[in-house]
Structure formats: C-alpha cells, structure tokens
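Trainee: For reference, this is protein01.csv, and it has CSV, C-alpha atoms.
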chain,number,residue,atom,x,y,z
A,7,ALA,CA,137.6,88.2,107.9
A,8,THR,CA,136.3,87.4,104.4
A,9,ILE,CA,135.5,90.4,102.4
A,10,SER,CA,132.2,90.1,100.5
A,11,ASN,CA,132.6,90.9,96.8
A,12,ALA,CA,136.2,91.7,97.3
A,13,LEU,CA,136.8,91.5,93.5
A,14,VAL,CA,134.1,92.0,90.9
A,15,ALA,CA,134.7,91.7,87.1
A,16,ARG,CA,132.5,92.7,84.2
A,17,VAL,CA,133.0,90.8,80.9
A,18,SER,CA,131.3,92.0,77.7
A,19,GLN,CA,130.2,90.1,74.6
A,20,SER,CA,133.5,91.0,72.9
A,21,PHE,CA,135.5,89.3,75.7
A,22,VAL,CA,133.5,86.1,75.1
A,23,ASP,CA,133.4,86.4,71.3
A,24,ASP,CA,134.5,89.4,69.2
A,25,GLY,CA,133.8,87.6,65.9
A,26,ASN,CA,137.4,87.6,64.8
A,27,ARG,CA,139.2,84.2,64.9
A,28,GLU,CA,142.5,85.6,63.7
A,29,THR,CA,143.5,86.8,67.1
A,30,LEU,CA,143.4,84.8,70.3
A,31,ASP,CA,141.9,87.6,72.5
A,32,ASP,CA,138.5,86.1,73.2
A,33,LEU,CA,137.1,82.8,74.5
A,34,ALA,CA,135.6,81.7,71.2
A,35,SER,CA,139.0,82.1,69.4
A,36,ILE,CA,140.8,80.2,72.1
A,37,ALA,CA,138.3,77.4,72.0
A,38,GLN,CA,138.5,77.3,68.2
A,39,ALA,CA,142.3,77.1,68.3
A,40,GLY,CA,142.7,74.4,70.9
A,41,ALA,CA,139.7,73.2,72.8
A,42,LEU,CA,138.0,71.2,69.9
A,43,ASN,CA,140.5,68.9,68.4
A,44,ILE,CA,138.7,65.8,67.1
A,45,ASP,CA,140.6,62.8,65.8
A,46,LEU,CA,138.1,60.4,64.2
A,47,ASP,CA,140.7,57.6,64.0
A,48,THR,CA,140.8,57.7,67.8
A,49,GLU,CA,137.1,58.2,68.2
A,50,ILE,CA,136.2,55.4,65.8
A,51,PRO,CA,139.2,52.9,65.6
A,52,ALA,CA,139.4,50.7,62.5
A,53,GLY,CA,137.3,47.6,62.9
A,54,THR,CA,135.0,49.0,65.6
A,55,VAL,CA,131.6,47.4,65.6
A,56,LEU,CA,129.0,50.2,65.4
A,57,ALA,CA,125.7,48.4,65.0
A,58,GLU,CA,124.4,44.9,64.7
A,59,ASP,CA,121.0,43.1,64.3
A,60,PRO,CA,121.2,39.4,65.3
A,61,TYR,CA,118.8,36.7,64.3
A,62,LEU,CA,115.5,36.5,66.3
A,63,ALA,CA,114.8,33.2,68.0
A,64,ASP,CA,112.9,31.0,65.5
A,65,CYS,CA,112.9,33.9,63.1
A,66,GLY,CA,110.4,35.7,65.4
A,67,GLY,CA,107.7,33.3,64.2
A,68,ALA,CA,108.2,34.3,60.6
A,69,ASN,CA,109.4,32.1,57.7
A,70,GLY,CA,112.8,33.8,57.6
A,71,ASP,CA,115.0,36.4,59.1
A,72,THR,CA,118.1,38.5,58.3
A,73,SER,CA,121.1,39.5,60.4
A,74,TYR,CA,123.8,42.1,59.8
A,75,GLU,CA,126.8,43.7,61.5
A,76,LEU,CA,128.1,47.2,60.7
A,77,SER,CA,131.7,48.2,61.6
A,78,ARG,CA,134.2,50.7,60.6
A,79,ASN,CA,136.3,49.4,57.7
A,80,PRO,CA,139.1,47.3,59.2
A,81,SER,CA,141.7,49.0,57.0
A,82,PRO,CA,143.2,52.0,58.8
A,83,HIS,CA,144.0,53.4,55.4
A,84,ALA,CA,140.3,53.7,54.3
A,85,ASP,CA,139.3,57.3,53.9
A,86,LEU,CA,138.0,58.6,57.3
A,87,SER,CA,137.8,62.3,57.3
A,88,MET,CA,136.1,65.4,58.7
A,89,GLU,CA,136.6,69.2,58.3
A,90,GLY,CA,136.3,71.3,61.4
A,91,PRO,CA,134.9,71.8,63.9
A,92,TRP,CA,134.4,75.6,63.6
A,93,ILE,CA,133.0,77.7,66.4
A,94,HIS,CA,130.7,80.3,64.7
A,95,SER,CA,129.6,82.1,67.9
A,96,LEU,CA,129.5,82.3,71.7
A,97,ASN,CA,126.8,84.7,72.7
A,98,ILE,CA,125.9,85.9,76.2
A,99,VAL,CA,122.2,85.3,77.0
A,100,ASP,CA,120.2,85.4,80.1
A,101,GLY,CA,121.7,82.9,82.6
A,102,GLY,CA,124.4,81.5,80.3
A,103,ILE,CA,126.1,81.4,76.9
A,104,GLU,CA,124.6,80.2,73.6
A,105,PHE,CA,127.0,78.6,71.1
A,106,GLN,CA,126.9,77.5,67.5
A,107,LEU,CA,129.5,75.3,65.8
A,108,SER,CA,129.7,73.1,62.7
A,109,VAL,CA,131.6,70.3,61.0
A,110,ASP,CA,131.7,69.6,57.3
A,111,ALA,CA,132.6,66.9,54.7
A,112,ILE,CA,132.4,63.8,57.0
A,113,GLN,CA,133.4,60.6,55.3
A,114,VAL,CA,133.1,57.3,57.2
A,115,PRO,CA,134.0,53.9,55.5
A,116,LEU,CA,132.1,51.0,56.9
A,117,ASN,CA,132.2,47.2,56.5
A,118,VAL,CA,128.9,45.2,56.5
A,119,TRP,CA,128.4,41.5,57.0
A,120,ALA,CA,124.8,40.3,56.3
A,121,THR,CA,123.2,36.9,56.3
A,122,ALA,CA,119.6,35.6,55.7
A,123,SER,CA,118.1,32.3,56.8
A,124,THR,CA,114.8,30.4,56.5
A,125,CYS,CA,113.0,28.9,59.5
A,126,VAL,CA,110.7,26.4,57.7
A,127,LEU,CA,111.1,22.8,58.9
A,128,PHE,CA,114.8,23.4,59.5
A,129,ASP,CA,117.1,26.4,59.4
A,130,VAL,CA,118.9,27.2,56.1
A,131,THR,CA,121.3,30.1,55.6
A,132,TRP,CA,120.7,31.1,52.0
A,133,ALA,CA,122.7,34.3,51.9
A,134,ASP,CA,126.1,35.3,53.4
A,135,VAL,CA,127.5,38.6,52.1
A,136,GLU,CA,130.3,40.9,53.2
A,137,THR,CA,130.9,44.2,51.5
A,138,THR,CA,131.7,47.9,52.1
A,139,VAL,CA,129.4,50.9,52.8
A,140,ASP,CA,130.4,54.6,52.6
A,141,VAL,CA,128.6,57.2,54.6
A,142,GLY,CA,129.0,60.8,53.8
A,143,ILE,CA,127.6,63.8,55.6
A,144,GLN,CA,127.7,67.2,54.0
A,145,SER,CA,127.5,69.2,57.2
A,146,VAL,CA,126.4,69.2,60.8
A,147,LEU,CA,125.3,72.5,62.5
A,148,VAL,CA,125.0,72.4,66.3
A,149,ASP,CA,123.1,75.0,68.4
A,150,GLY,CA,123.3,74.8,72.1
A,151,THR,CA,123.4,76.6,75.5
A,152,PHE,CA,125.7,76.6,78.5
A,153,GLY,CA,124.1,77.3,81.8
A,154,VAL,CA,126.4,79.4,84.0
A,155,SER,CA,126.3,79.2,87.8
A,156,TYR,CA,128.3,78.4,90.9
A,157,ILE,CA,128.1,75.7,93.5
A,158,ASP,CA,129.9,75.8,96.8
A,159,GLY,CA,132.0,78.7,95.6
A,160,GLU,CA,133.1,77.0,92.4
A,161,PRO,CA,132.0,77.9,88.8
A,162,THR,CA,129.8,75.4,87.1
A,163,ILE,CA,129.2,75.3,83.3
A,164,SER,CA,126.5,72.9,82.4
A,165,LEU,CA,125.5,71.9,78.9
A,166,ASP,CA,121.8,72.7,79.0
A,167,ASP,CA,120.9,72.3,75.4
A,168,PHE,CA,122.5,70.6,72.3
A,169,VAL,CA,120.7,70.3,69.0
A,170,ALA,CA,122.5,68.8,65.9
A,171,ASP,CA,121.1,69.4,62.5
A,172,PHE,CA,122.4,67.0,59.8
A,173,ALA,CA,122.4,68.0,56.1
A,174,GLY,CA,123.2,65.9,53.0
A,175,THR,CA,123.7,62.5,54.6
A,176,GLU,CA,124.3,59.9,51.9
A,177,VAL,CA,124.8,56.1,52.1
A,178,ASP,CA,126.7,54.5,49.2
A,179,ILE,CA,126.0,50.8,49.1
A,180,ASP,CA,125.8,48.2,46.4
A,181,CYS,CA,122.4,46.5,47.0
A,182,GLY,CA,122.8,43.9,44.3
A,183,LEU,CA,123.8,41.1,46.6
A,184,LEU,CA,122.2,42.7,49.7
A,185,ASP,CA,118.8,43.1,48.3
A,186,PHE,CA,117.3,41.1,51.2
A,187,ALA,CA,118.6,43.6,53.8
A,188,CYS,CA,119.4,46.7,51.8
A,189,ASP,CA,116.8,49.1,53.3
A,190,ALA,CA,117.6,47.9,56.9
A,191,ILE,CA,121.4,48.3,56.4
A,192,THR,CA,121.0,51.7,54.7
A,193,GLY,CA,118.8,53.1,57.5
A,194,ALA,CA,121.1,51.6,60.1
A,195,ALA,CA,124.2,53.1,58.5
A,196,ARG,CA,122.6,56.5,58.3
A,197,SER,CA,121.3,56.6,61.9
A,198,THR,CA,124.4,55.0,63.4
A,199,ILE,CA,126.9,57.4,61.9
A,200,GLU,CA,124.7,60.5,62.6
A,201,SER,CA,124.3,59.3,66.2
A,202,LYS,CA,128.0,58.6,66.6
A,203,VAL,CA,129.0,62.0,65.2
A,204,GLU,CA,126.5,63.8,67.4
A,205,THR,CA,127.8,61.9,70.5
A,206,ILE,CA,131.4,62.8,69.7
A,207,LEU,CA,130.6,66.5,69.2
A,208,GLN,CA,128.5,66.6,72.4
A,209,GLU,CA,131.2,64.9,74.5
A,210,LYS,CA,133.8,67.3,73.1
A,211,VAL,CA,131.7,70.3,73.9
A,212,ARG,CA,130.9,69.1,77.4
A,213,GLY,CA,134.4,67.8,78.1
A,214,GLU,CA,136.5,70.6,76.6
A,215,ILE,CA,134.6,73.8,76.0
A,216,ALA,CA,132.7,73.8,79.3
A,217,PRO,CA,135.9,73.2,81.4
A,218,MET,CA,137.7,75.9,79.4
A,219,LEU,CA,134.9,78.4,80.2
A,220,GLU,CA,135.0,77.4,83.9
A,221,GLU,CA,138.8,78.0,83.9
A,222,ALA,CA,138.4,81.3,82.2
A,223,LEU,CA,135.9,82.5,84.9
A,224,ALA,CA,138.2,81.3,87.7
A,225,THR,CA,141.2,83.3,86.4
A,226,PHE,CA,139.6,86.4,87.8
A,227,ALA,CA,140.0,85.2,91.4
A,228,PRO,CA,143.0,86.4,93.4
A,229,ALA,CA,146.0,84.1,93.3
A,230,PRO,CA,146.3,81.7,96.2
A,231,SER,CA,149.6,83.2,97.2
A,232,ILE,CA,151.1,86.6,96.5
A,233,ALA,CA,154.9,87.1,96.7
A,234,LEU,CA,155.7,90.7,97.4
A,235,PRO,CA,158.9,91.8,95.8
A,236,ALA,CA,161.9,93.4,97.6
A,237,PRO,CA,162.2,95.4,99.8
A,238,LEU,CA,158.9,94.0,101.2
A,239,GLY,CA,159.9,90.4,100.6
A,240,VAL,CA,157.1,88.4,102.2
A,241,GLU,CA,154.5,86.0,100.8
A,242,LEU,CA,150.8,86.4,101.6
A,243,SER,CA,148.1,83.8,101.2
A,244,ALA,CA,144.7,84.4,99.8
A,245,SER,CA,141.4,82.4,99.8
A,246,ALA,CA,138.7,83.2,97.4
A,247,ARG,CA,135.3,81.8,96.3
A,248,PHE,CA,132.7,82.9,93.9
A,249,SER,CA,130.1,85.1,95.4
A,250,GLN,CA,128.1,85.7,92.2
A,251,ILE,CA,127.9,84.9,88.5
A,252,GLU,CA,125.3,86.6,86.4
A,253,PHE,CA,124.9,86.8,82.7
A,254,CYS,CA,122.3,88.8,80.8
A,255,GLY,CA,121.7,88.9,77.1
A,256,ALA,CA,121.3,91.9,74.8
A,257,GLN,CA,117.5,91.6,74.6
A,258,ASP,CA,116.9,90.7,78.3
A,259,ASN,CA,115.6,92.9,81.1
A,260,CYS,CA,118.8,93.2,83.0
A,261,GLY,CA,118.0,95.9,85.5
A,262,ASP,CA,121.4,97.4,85.3
A,263,GLU,CA,122.3,98.8,81.9
A,264,ALA,CA,125.9,97.8,82.4
A,265,LEU,CA,124.9,94.2,82.7
A,266,ARG,CA,123.1,94.1,79.3
A,267,ASP,CA,124.9,91.8,76.9
A,268,ALA,CA,127.5,91.1,79.6
A,269,GLY,CA,128.4,89.0,82.6
A,270,ILE,CA,129.3,89.9,86.2
A,271,VAL,CA,131.7,87.6,88.1
A,272,GLY,CA,132.2,88.3,91.8
A,273,PHE,CA,134.5,86.8,94.5
A,274,ASP,CA,134.5,86.8,98.3
A,275,ALA,CA,138.1,86.8,99.4
A,276,GLN,CA,140.5,87.1,102.3
A,277,MET,CA,144.2,88.0,102.5
A,278,ILE,CA,146.0,85.9,105.1
A,279,PRO,CA,149.3,87.2,106.6
A,280,GLY,CA,152.3,85.2,107.5
A,281,GLU,CA,153.9,85.2,110.9
A,282,ARG,CA,153.6,88.4,113.0
A,283,GLY,CA,156.5,90.7,112.3
A,284,GLU,CA,159.1,91.5,115.0
A,285,ASN,CA,157.9,95.0,115.6
A,286,VAL,CA,154.2,94.4,115.4
A,287,PRO,CA,152.4,94.4,118.8
A,288,ALA,CA,150.9,91.2,119.9
A,289,ASP,CA,147.5,92.8,120.7
A,290,VAL,CA,147.2,94.6,117.4
A,291,ARG,CA,143.7,94.9,115.9
A,292,GLY,CA,142.7,93.8,112.4
A,293,PRO,CA,142.3,95.9,109.3
A,294,ILE,CA,139.7,98.7,109.0
A,295,PHE,CA,136.4,97.9,107.4
A,296,ARG,CA,133.6,100.1,106.1
A,297,GLY,CA,131.6,97.9,103.7
A,298,ALA,CA,130.5,99.0,100.2
A,299,ASP,CA,127.8,98.4,97.6
A,300,LEU,CA,128.5,96.6,94.3
A,301,PRO,CA,130.4,98.8,91.9
A,302,GLN,CA,128.8,100.6,88.9
A,303,PHE,CA,130.5,99.6,85.6
A,304,ASN,CA,130.8,101.5,82.4
A,305,ALA,CA,128.4,99.9,79.9
A,306,ASP,CA,130.6,100.9,76.9
A,307,ALA,CA,133.8,99.3,78.2
A,308,ASP,CA,134.8,95.8,77.0
A,309,PHE,CA,136.1,94.8,80.3
A,310,GLY,CA,136.2,96.1,83.9
A,311,VAL,CA,137.5,95.0,87.3
A,312,ALA,CA,136.6,96.6,90.7
A,313,ILE,CA,138.6,95.8,93.8
A,314,SER,CA,137.0,96.6,97.2
A,315,ASP,CA,138.9,99.1,99.2
A,316,ASP,CA,138.2,96.8,102.2
A,317,PHE,CA,140.2,94.1,100.4
A,318,ILE,CA,143.0,96.5,99.5
A,319,ASN,CA,143.2,97.6,103.2
A,320,GLN,CA,143.2,94.0,104.3
A,321,MET,CA,146.1,93.3,101.9
A,322,PHE,CA,148.0,96.4,103.3
A,323,TRP,CA,147.3,95.2,106.8
A,324,ALA,CA,148.5,91.6,106.0
A,325,ALA,CA,151.7,92.9,104.5
A,326,TRP,CA,152.3,95.2,107.5
A,327,TYR,CA,151.4,92.5,110.0
A,328,SER,CA,153.9,90.1,108.4
A,329,GLY,CA,156.7,92.6,108.9
A,330,ALA,CA,157.0,93.5,105.2
A,331,MET,CA,157.2,97.2,106.1
A,332,ASP,CA,160.1,96.8,108.5
A,333,ILE,CA,162.9,97.4,106.1
A,334,ASP,CA,166.6,97.0,106.7
A,335,VAL,CA,168.0,99.6,104.4
A,336,VAL,CA,171.6,98.4,104.7
A,337,GLU,CA,170.6,94.9,103.7
A,338,GLN,CA,168.5,96.2,100.8
A,339,MET,CA,170.9,98.8,99.4
A,340,GLY,CA,174.3,97.3,100.4
A,341,GLU,CA,177.3,99.0,98.8
A,342,ALA,CA,175.0,101.7,97.3
A,343,LEU,CA,175.1,103.4,100.7
A,344,PRO,CA,178.0,105.5,101.9
A,345,ALA,CA,180.5,103.4,103.8
A,346,ALA,CA,179.9,105.5,107.0
A,347,VAL,CA,176.3,104.1,107.3
A,348,GLU,CA,176.6,101.2,109.6
A,349,GLU,CA,172.9,100.7,110.4
A,350,ALA,CA,169.7,102.1,108.8
A,351,SER,CA,166.1,100.9,109.0
A,352,VAL,CA,162.6,102.1,108.2
A,353,ASN,CA,159.7,100.9,110.3
A,354,VAL,CA,156.1,101.7,109.4
A,355,MET,CA,154.3,101.8,112.7
A,356,SER,CA,150.8,101.2,111.4
A,357,PRO,CA,149.4,99.8,108.2
A,358,PRO,CA,148.7,102.2,105.3
A,359,VAL,CA,145.1,102.6,104.2
A,360,VAL,CA,143.1,103.7,101.2
A,361,MET,CA,140.0,105.9,101.6
A,362,PRO,CA,137.4,107.5,99.3
A,363,GLY,CA,138.7,110.8,98.1
A,364,THR,CA,137.0,113.8,96.5
A,365,GLY,CA,134.8,113.3,93.5
A,366,ALA,CA,133.2,110.2,92.1
A,367,THR,CA,136.6,108.4,91.5
A,368,GLY,CA,138.9,110.1,94.0
A,369,VAL,CA,141.1,108.0,96.3
A,370,MET,CA,143.1,109.0,99.3
A,371,PHE,CA,146.1,107.1,100.7
A,372,GLY,CA,146.9,107.3,104.3
A,373,LEU,CA,150.1,106.4,106.1
A,374,GLY,CA,150.7,106.7,109.9
A,375,ASN,CA,153.9,107.2,111.9
A,376,VAL,CA,157.1,106.0,110.2
A,377,ARG,CA,160.3,105.6,112.2
A,378,VAL,CA,163.6,106.0,110.5
A,379,SER,CA,166.7,105.1,112.4
A,380,ALA,CA,170.4,105.0,111.4
A,381,ARG,CA,173.9,104.8,112.9
A,382,VAL,CA,176.7,106.6,111.1
A,383,ASP,CA,180.4,106.3,112.0
Can you dump the structure from the file as structure tokens?

Mentor:
Amino acid sequence: ATISNALVARVSQSFVDDGNRETLDDLASIAQAGALNIDLDTEIPAGTVLAEDPYLADCGGANGDTSYELSRNPSPHADLSMEGPWIHSLNIVDGGIEFQLSVDAIQVPLNVWATASTCVLFDVTWADVETTVDVGIQSVLVDGTFGVSYIDGEPTISLDDFVADFAGTEVDIDCGLLDFACDAITGAARSTIESKVETILQEKVRGEIAPMLEEALATFAPAPSIALPAPLGVELSASARFSQIEFCGAQDNCGDEALRDAGIVGFDAQMIPGERGENVPADVRGPIFRGADLPQFNADADFGVAISDDFINQMFWAAWYSGAMDIDVVEQMGEALPAAVEEASVNVMSPPVVMPGTGATGVMFGLGNVRVSARVD
C-alpha cells in the first residue's frame, strides 16, 4: 500500500539562497554557476532581421512614405556583448519563490537600410541609405515570481511574474543621411533591442531556472530502485509522487512557525519487494501500519527530513519478503570461517519493525525469531 507522506522535507531560505555565491550549496548559487548561460551570438546571429517597416500601398494616401529594415550587423566580428546575468536573490514567499537578476553593459551592433519615395503622379525613390546603428543598454533589472505547485504528483514551477526594468538605453546613429526616418529608426532600434533582450531573459528563466527548481524538489523523493548491499543483496523498487508542496514567506501568516520563511515538500511512497524469498510463507501478511500526523520541524534548522515509521517498516518488510534476511554465512564469509564449518545460515523468521520509544524522540527496534543453523565436521 502507498504510505501517505512517507517522506517530508523542510527547506529553509538558506537552502534556496544563502546570499553567498562563492560556494555551490544553495539553489541560487547553482543557478548562477550553470543555469543561466546566455550566448548573444547564438540568440541573435549575424545578419538576423530584427524589425522592418515596409512601404504602405499608395503611400497610405499621403504624398510620400519611408521604409526601413533593421538587422544585426552582418559582420560576426562587430562588437556584440553583455555582462551577466547575475542572480541577486531567490526568496521564499507565500506560494512560491521571488527572484531578482540583472544583466549589464549590453552592446548590440545593427545595420539599417532605409528608403523614401514619393507617390505624386508616379512613384519616385529619392533616398536609399544603408548605415550602422549601435544600441547600448547600461543595465536591465528583472524582478519576478515562480509559482510552486504539483500536478498529478509531479512538481510544477510556473513563471507567474516577470518585469524587466531597462536603464541607460542609448541609440547611436548618424542622422545626417537618415533625416527623413531618423526618429522612426531610433525608436524602432530602442524598442526592438529592449524587447529582444527581455524575451531572451524570460525564455532563459522559464527554460532553465524553472526546470532546475523542479529537479531540485524532485531529488527529495525516494530513488526508484534501492540496491541493498551484501549480505542482504537484493534490489527493491520504490514508487513516489508529491503529496504536498507548500511555501510560506517570512511575513506571511503560515500557521506553523516552522513553515515561516521555508517550504515543505512531501511524498506519498511505496516500497515494492522482489520475488518472494524461499523461506517466506506464501500466505504471509503485509507490513504493520499505524498512521501518523505530519511531523513537527525545528524552525531554527536550515534543513530537515522526516521519514514515516510506516514507510521504514514497509522497507524492512519488503527486504524480508524478498529473502534478503536469509543469509548463507558460508557464501558471505568464505575462507574467513574455520575449515570445519561446512554449512551455516541465518534466517530471520519475521520482518523487523521500528516503533515509537520513550520520550519525544525515542525509537524502539523490534526483531522476532531468528533461526541460526550450522553443520560442522
């Protein structure tokens, strides 16, 4: 049977972001080191058309019209650069995680081709100019929020909010020959590059940081298979799915003090045995079960994990049922035994169990009958 809340973990703010990027011991530092790697040459290849404004039919009823096309400079050697991104913070809030990141010193070289025509009596193109435009952005500060939930037992991190604040955007263009379209091209260059940079950052956050957070939450789940070492020597299977994900900020009414400025991640899980062991009766019953409330965590601890004793007993039972506790001592110890020992075995007749002991944190371990047999010559 599946054990409800078989494993429950509490993660504090310091697990998400401890404010120190020198050590990779929190999610923000890991994301800073590897998740956000932006290559502008890949995102905006040389020659890519970024914006265009074609002629209107019949000049839109006016006497003349202009047309232009903005593209990244076709030379791959033209200076295209950006510093960052830097993740300033990941903060636990009610229902999710807030983040702030920035990039600086963005430089994008553009190429512009502009023409102007008259539409009086007959069309005449009276200007045809191609030149360069440089767009520089001093900094971009992004504030956003991830919503944290689970759907069908799987963690889901959604980008709920994303606000980019641009500072110091400048457009360097020689308007001497482009006087007829200078304002339009300057505005288009500014809005196009700001929009492109925002889209790149948003896609990276959604496509890299969100999956990283989902993967981090999923690591708390029991492994799908557990290989027990010798002398037990069997492999057990496990199935697990999220039973709860709850985040609560420092200023929120969290109900439980241990949940303040922290997150709770819980899993329903089941240990599945292999084939029935040779000495296990065919009509054996399943593991004991008593049920339990959610654990109480220490609010001062950075990290905590609680494993249900029902789940531990299910694991003991699965190992026992699979024959892991029927041990051939001669096979395991070999030449370490005296030569006179021809046969020796240990058989645990019933699965061990853990039980609540004395005191708030006491635990008792119970073991039933054990049969030891040997033949010595």

Trainee: Measuring atom to atom with all atoms listed in the file, identify which of A:Glu263, A:Asp100, A:Asp45, A:Asp140 is nearest to Asp85 of chain A.

Mentor: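 Using all atoms listed in the file, the shortest distance to Asp85 of chain A belongs to A:Asp140.
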
Trainee: Would you please work out which residue, of A:Asp180, A:Asp332, A:Cys254, A:Asp267, is nearest to Gly239 of chain A when using all atoms listed in the file?

Mentor: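 Among the listed residues, A:Asp332 lies closest to Gly239 of chain A.
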
Trainee: Taking all atoms listed in the file into account, name the residue in A:Gly297, A:Gly67, A:Pro287, A:Pro161 that is nearest to Phe248 of chain A.

Mentor: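 Between A:Gly297, A:Gly67, A:Pro287, A:Pro161, the residue approaching Phe248 of chain A most closely is A:Pro161.
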
Trainee: With all atoms listed in the file as the counted atoms, please give the residues lying no more than 7 Å from Ile333 of chain A, apart from itself and same-chain residues fewer than 6 positions off, as a short mmCIF file (atom, residue, chain, number, x, y, z; two decimals) with C-alpha atoms, keeping the file's coordinate frame.

Mentor:
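In the end it all went to around.cif:
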data_model
loop_
_atom_site.label_atom_id
_atom_site.label_comp_id
_atom_site.auth_asym_id
_atom_site.auth_seq_id
_atom_site.Cartn_x
_atom_site.Cartn_y
_atom_site.Cartn_z
CA PRO A 237 162.20 95.40 99.80
CA SER A 351 166.10 100.90 109.00
CA VAL A 352 162.60 102.10 108.20
CA ASN A 353 159.70 100.90 110.30
#

Trainee: Find the residues of segment 171-244 of chain A that sit at most 8 Å from segment 147-153 of chain A; for each, write down the nearest two atoms and how far apart they are in Å, to one decimal. Count all atoms listed in the file. Sort by chain, then by number going up, and give it as JSON lines.

Mentor:
{"residue": "A:Asp171", "atom": "CA", "partner": "A:Leu147", "partner_atom": "CA", "distance": 5.2}
{"residue": "A:Phe172", "atom": "CA", "partner": "A:Leu147", "partner_atom": "CA", "distance": 6.8}
{"residue": "A:Ala216", "atom": "CA", "partner": "A:Phe152", "partner_atom": "CA", "distance": 7.6}

Trainee: If we count only C-alpha atoms, what is near Val118 of chain A at a cut-off of 8 Å, once residues fewer than 2 positions away on the same chain are taken out, given as a VMD selection string?

Mentor: chain A and resid 74 to 77 116 120 136 to 139

Trainee: To one decimal place in Å, what is the distance between atom CA of Ser164 of chain A and atom CA of Glu28 of chain A?

Mentor: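 Straight-line distance from atom CA of Ser164 of chain A to atom CA of Glu28 of chain A works out to 27.7 Å.
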
Trainee: Tell me, in Å to one decimal, how far atom CA of Val114 of chain A is from atom CA of Val169 of chain A.

Mentor: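 Interatomic distance here is 21.5 Å.
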
Trainee: Ranking A:Leu265, A:Leu223, A:Leu184, A:Leu33 by minimum distance to Glu160 of chain A and counting only C-alpha atoms, which one comes first?

Mentor: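 With only C-alpha atoms as the atom set, the closest residue is A:Leu223.
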
Trainee: Quick one: pull the distance between atom CA of Pro91 of chain A and atom CA of Ser108 of chain A, Å, one decimal.

Mentor: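 So the answer is 5.5 Å.
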
Trainee: With all atoms listed in the file counted and 9 Å as the cut-off, give the residues of segment 285-371 of chain A in contact with segment 269-277 of chain A, each with its shortest interatomic distance in Å and the pair that gives it, as a Markdown table.

Mentor:
| residue | atom | partner | partner_atom | distance |
| --- | --- | --- | --- | --- |
| A:Phe317 | CA | A:Gln276 | CA | 7.3 |
| A:Gln320 | CA | A:Met277 | CA | 6.3 |
| A:Met321 | CA | A:Met277 | CA | 5.7 |
| A:Trp323 | CA | A:Met277 | CA | 8.9 |
| A:Ala324 | CA | A:Met277 | CA | 6.6 |

Trainee: Excluding same-chain residues fewer than 5 positions from Asn79 of chain A, what lies within 6 Å of it counting all atoms listed in the file, as a list of chain:residue names?

Mentor: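 Contacts, in chain order: A:Ala52, A:Gly53, A:Pro115, A:Leu116, A:Asn117.
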
Trainee: With all atoms listed in the file as the basis for distance, which of A:Gly142, A:Gly292, A:Gly261, A:Gly363 is at the shortest distance from Ser87 of chain A?

Mentor: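 Of the candidates, the smallest distance to Ser87 of chain A is held by A:Gly142.
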
Trainee: Here is a test: counting all atoms listed in the file, which residue of A:Arg78, A:His94, A:His83, A:Arg282 is nearest to Ala195 of chain A?

Mentor: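 That would be A:Arg78, the residue with the smallest distance to Ala195 of chain A.
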
Trainee: Neighbouring residues of Gln302 of chain A were defined as those with any atom within 9 Å, considering only C-alpha atoms; residues of the same chain fewer than 3 positions away were excluded. Please report them as number ranges by chain.

Mentor: A: 262, 264, 312

Trainee: Please provide as a list in words all residues within 8 Å of Thr192 of chain A, with the sequence filter that same-chain residues fewer than 4 positions apart are discarded (counting only C-alpha atoms).

Mentor: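 Once the adjacent positions are removed, what remains is Val177, Ile179, Cys188 and Arg196 of chain A.
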
Trainee: Can you tell me, as a list in words, which residues sit within 12 Å of (154.4, 107.2, 109.9) in the file's frame, using all atoms listed in the file?

Mentor: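 Those residues, ordered by chain and then number, are Met331, Asp332, Val352, Asn353, Val354, Met355, Ser356, Pro357, Pro358, Val359, Gly372, Leu373, Gly374, Asn375, Val376, Arg377 and Val378 of chain A.
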
Trainee: So which residues fall inside 12 Å of (129.0, 91.4, 71.7) if we count all atoms listed in the file? Mind giving them as a PyMOL selection string?

Mentor: chain A and resi 17-26+32+34+95-99+103+254-257+266-269+305-309

Trainee: Start from the incomplete input, build N, CA and C atoms for segment 166-180 of chain A, and deliver everything as a JSON list (two decimals), keeping the file's coordinate frame.

Mentor:
[["chain", "number", "residue", "atom", "x", "y", "z"],
["A", 166, "ASP", "N", 123.22, 72.73, 78.85],
["A", 166, "ASP", "CA", 121.80, 72.70, 79.00],
["A", 166, "ASP", "C", 121.03, 72.29, 77.77],
["A", 167, "ASP", "N", 121.59, 72.59, 76.61],
["A", 167, "ASP", "CA", 120.90, 72.30, 75.40],
["A", 167, "ASP", "C", 121.90, 72.02, 74.27],
["A", 168, "PHE", "N", 121.56, 71.02, 73.43],
["A", 168, "PHE", "CA", 122.50, 70.60, 72.30],
["A", 168, "PHE", "C", 121.60, 70.01, 71.24],
["A", 169, "VAL", "N", 121.53, 70.70, 70.11],
["A", 169, "VAL", "CA", 120.70, 70.30, 69.00],
["A", 169, "VAL", "C", 121.59, 70.20, 67.74],
["A", 170, "ALA", "N", 121.71, 69.01, 67.14],
["A", 170, "ALA", "CA", 122.50, 68.80, 65.90],
["A", 170, "ALA", "C", 121.62, 68.66, 64.73],
["A", 171, "ASP", "N", 121.88, 69.45, 63.70],
["A", 171, "ASP", "CA", 121.10, 69.40, 62.50],
["A", 171, "ASP", "C", 121.99, 68.87, 61.34],
["A", 172, "PHE", "N", 121.65, 67.68, 60.82],
["A", 172, "PHE", "CA", 122.40, 67.00, 59.80],
["A", 172, "PHE", "C", 121.90, 67.38, 58.40],
["A", 173, "ALA", "N", 122.81, 67.66, 57.49],
["A", 173, "ALA", "CA", 122.40, 68.00, 56.10],
["A", 173, "ALA", "C", 123.24, 67.15, 55.14],
["A", 174, "GLY", "N", 122.55, 66.62, 54.12],
["A", 174, "GLY", "CA", 123.20, 65.90, 53.00],
["A", 174, "GLY", "C", 123.86, 64.60, 53.42],
["A", 175, "THR", "N", 123.19, 63.82, 54.27],
["A", 175, "THR", "CA", 123.70, 62.50, 54.60],
["A", 175, "THR", "C", 123.39, 61.51, 53.49],
["A", 176, "GLU", "N", 124.42, 60.85, 52.98],
["A", 176, "GLU", "CA", 124.30, 59.90, 51.90],
["A", 176, "GLU", "C", 124.93, 58.57, 52.26],
["A", 177, "VAL", "N", 124.27, 57.47, 51.87],
["A", 177, "VAL", "CA", 124.80, 56.10, 52.10],
["A", 177, "VAL", "C", 125.05, 55.46, 50.76],
["A", 178, "ASP", "N", 126.31, 55.15, 50.50],
["A", 178, "ASP", "CA", 126.70, 54.50, 49.20],
["A", 178, "ASP", "C", 126.89, 53.03, 49.45],
["A", 179, "ILE", "N", 125.97, 52.23, 48.93],
["A", 179, "ILE", "CA", 126.00, 50.80, 49.10],
["A", 179, "ILE", "C", 125.51, 50.09, 47.85],
["A", 180, "ASP", "N", 126.16, 48.98, 47.51],
["A", 180, "ASP", "CA", 125.80, 48.20, 46.40],
["A", 180, "ASP", "C", 124.73, 47.15, 46.86]]
